[in-house]
Structure formats: structure tokens, C-alpha cells
Amino acid sequence: MIPFSLAQPRKLEPLLKKMVPLAYLAATILFIVGLYYALLDSPQDYQQGDSVRIMYVHVPASWFALMIYGFVGVASASFLIFRLPLAALMAQAAAPIGATYCLISLATGSIWGKPMWGTWWVWDARLTSMLVLFLMYAGYLLLSQSIDDRERALKLSSILAVLGLINIPIVKFSVDWWHTLHQPASIFRAAGPSIHSSMLLPLFWMASAYLMLFVALLGHRLQLLFMEMRMKAMQQKLAWQVAP
Amino acid sequence: MSHLGYIAMAYAVAILGLLSIVTGTLLRKRGLLKELKSLETLGVRPDES
């Protein structure tokens, strides 16, 4: 959790200035290592052949699409309950990143589905709940941008984000609750991961890369939101100066 | 299409998706910096409080 003193742009900005380039650099290195393991070092699957390599871009995107929505929902709830403006800003900064990860998950999943299932899309519980997650992200982003009254926009979009949290367990457990074409959980399960370590390692590298990119983008987008706030204050100042 | 074709397509989609959000963020920053600069040339100073 961010210390209270850092919940002010003036104190948080110097930290972000140092952290963002380092996080981008770390993400780039992690992606290079991850792509090497995913494309060149990891073995073929005995059933899927080389197509299993799609897992290394699809699975981390899906994990973080879900986790980032959890982050947006919890930050929005903190804004609504404790009136923490920084929490609302964090949710706003994170949502476009989560929406992008979600879109990548849907697109790469569809591309993986074609050679494995023989179809690009099925109205399966996991795929449909993931599409609903993307729609929740889209709804949140549209609502936060489409109302002129900033405070009202933040309040309404935060309420929508909190309501959307209901979908998180539905996405996670959809493969257990319903018979789906999508395979059941093979990593985060009570009995431990069911895939071999030679495939877990590239997945770990790629997941670390996606996470580090999220950290870099979150910091970067927070900087932009602070700049927007500063600019609006300056525009107001200018309007007061110009007004007769 | 061969399996390699699907792999190439999936990696291209993922990389383009990630690059698009990074590029979008950088372009937005550039736009904001320009707007801030033009406000400063009009004599408006950022509020330091």
C-alpha cells in the first residue's frame, strides 16, 4: 500500500519519474528472456505440438486482465468508501492496461482455439465470461470519459467497477462450475500445477514481463493523469485572467 | 494454415497490442507536454501547492 504522504501528486511524482524508466527497462529484458524460452527453448506438447507456445502470450494476458480488474475494483471501492482521490486515479490509470490485456487474451485465445478446437469462438462459459470482463472494462472507460462533471464521472464509473467484481470469480471458476470446451485450471489449483517445469519456466518469465509492463504503464499513466490535472488548473487560471 | 502460422499470428497480435498501449501512452504524454508548454508561453504558471 502506498504510504499516506505519497498520496499527493507532488510527493509521488519524483518517485514515478525514477521508477517508470526502470520498470520499462526491466519489462523489455523480461520479454526478451521470456520470448527466447517460449519460442526456442520450451518443448512441444505431446498433443498440441508447437501450438502450445501460444499459451505463453495468452495465459499471462488472461491472468493479469483478471487481476488488474480486481485492482480497479478494489481501488474504486477505496475511492467510494474512504474518499481517496489517488485510488480513483489509480483505477483510471490501470483500466486501459487491463482492457488491452483482456483484448490480447481474447484474440490469442481465439487464434489458439482454431487449430485446437476447430473454431475461432464458442459461447463457452470461460470465453463468454472473459468477453463480459472486456465489456466491463469498456463500460468503465466509456463512463469515466463521457460525463463532463469529473466527480460524478468518477463516482459512477467506480460504482460500475465495483459491481463488475462479481464477474471475477465467475471467470476463475467457470471451468469448474460448467462443462466447457476450455481446459480446467492447470497452474493455480489445490493439487499444484499439472504442467511440466520446462513449460512453467517460460510461463513464469512471460508472466513477470507482463507484470513489469503493467507496473511501468501504471506509473506512466498516473504521471499523465497528474499532468492533466495540472493542465486543467492552468486553463482555469487562464480563464480567470482573461475574463473581464 | 500450419501451426506455425497460428503461433506467428498470436505473437503478432500480442506484441502489437502491447506496443499499441505503450505508444498510445507516449503520444498522450507528448500531446500534454505540448499543451502545457503553450499554456506556459501564455504566462500561466503551474500551481505549486
# chains A, B, ... in the order shown; residues from 1 in each chain; ligands from 1
$ closest_atom_pairs --of "chain B" --to "chain A" --cutoff "7 Å" --atoms "only C-alpha atoms" --output "Markdown table"
| residue | atom | partner | partner_atom | distance |
| --- | --- | --- | --- | --- |
| B:His3 | CA | A:Ser51 | CA | 5.7 |
| B:Tyr6 | CA | A:Ile111 | CA | 6.3 |
| B:Ile7 | CA | A:Ile54 | CA | 5.8 |
| B:Ala10 | CA | A:Thr108 | CA | 5.0 |
| B:Tyr11 | CA | A:Val57 | CA | 6.8 |
| B:Val13 | CA | A:Ile104 | CA | 6.9 |
| B:Ala14 | CA | A:Ile104 | CA | 5.6 |
| B:Gly17 | CA | A:Ile104 | CA | 6.4 |
| B:Thr25 | CA | A:Arg221 | CA | 6.8 |
| B:Lys29 | CA | A:Leu224 | CA | 6.2 |
| B:Leu36 | CA | A:Met231 | CA | 6.1 |
| B:Val44 | CA | A:Met234 | CA | 6.2 |
| B:Arg45 | CA | A:Met234 | CA | 6.9 |
| B:Pro46 | CA | A:Met234 | CA | 6.0 |
$ atom_distance --atom1 "CA of Leu18 (chain B)" --atom2 "CA of Gly98 (chain A)"
10.9 Å
$ atom_distance --atom1 "CA of Pro14 (chain A)" --atom2 "CA of Ile21 (chain B)"
23.1 Å
$ atom_distance --atom1 "CA of Gly73 (chain A)" --atom2 "CA of Ala207 (chain A)"
21.4 Å
$ select_by_dssp --residues "region 88-244 of chain A" --states "helix (DSSP H, G or I)" --output "ChimeraX atom specification"
/A:88-117,125-146,150-164,167-177,197-242
$ residues_around --residues "Ala93 (chain A)" --least-positions-apart "2" --cutoff "7 Å" --atoms "only C-alpha atoms" --output "count of residues only"
8
$ closest_residue --among "A:Leu30, A:Cys102, A:Ala153, A:Ala77" --to "Leu135 (chain A)" --atoms "only C-alpha atoms"
A:Cys102
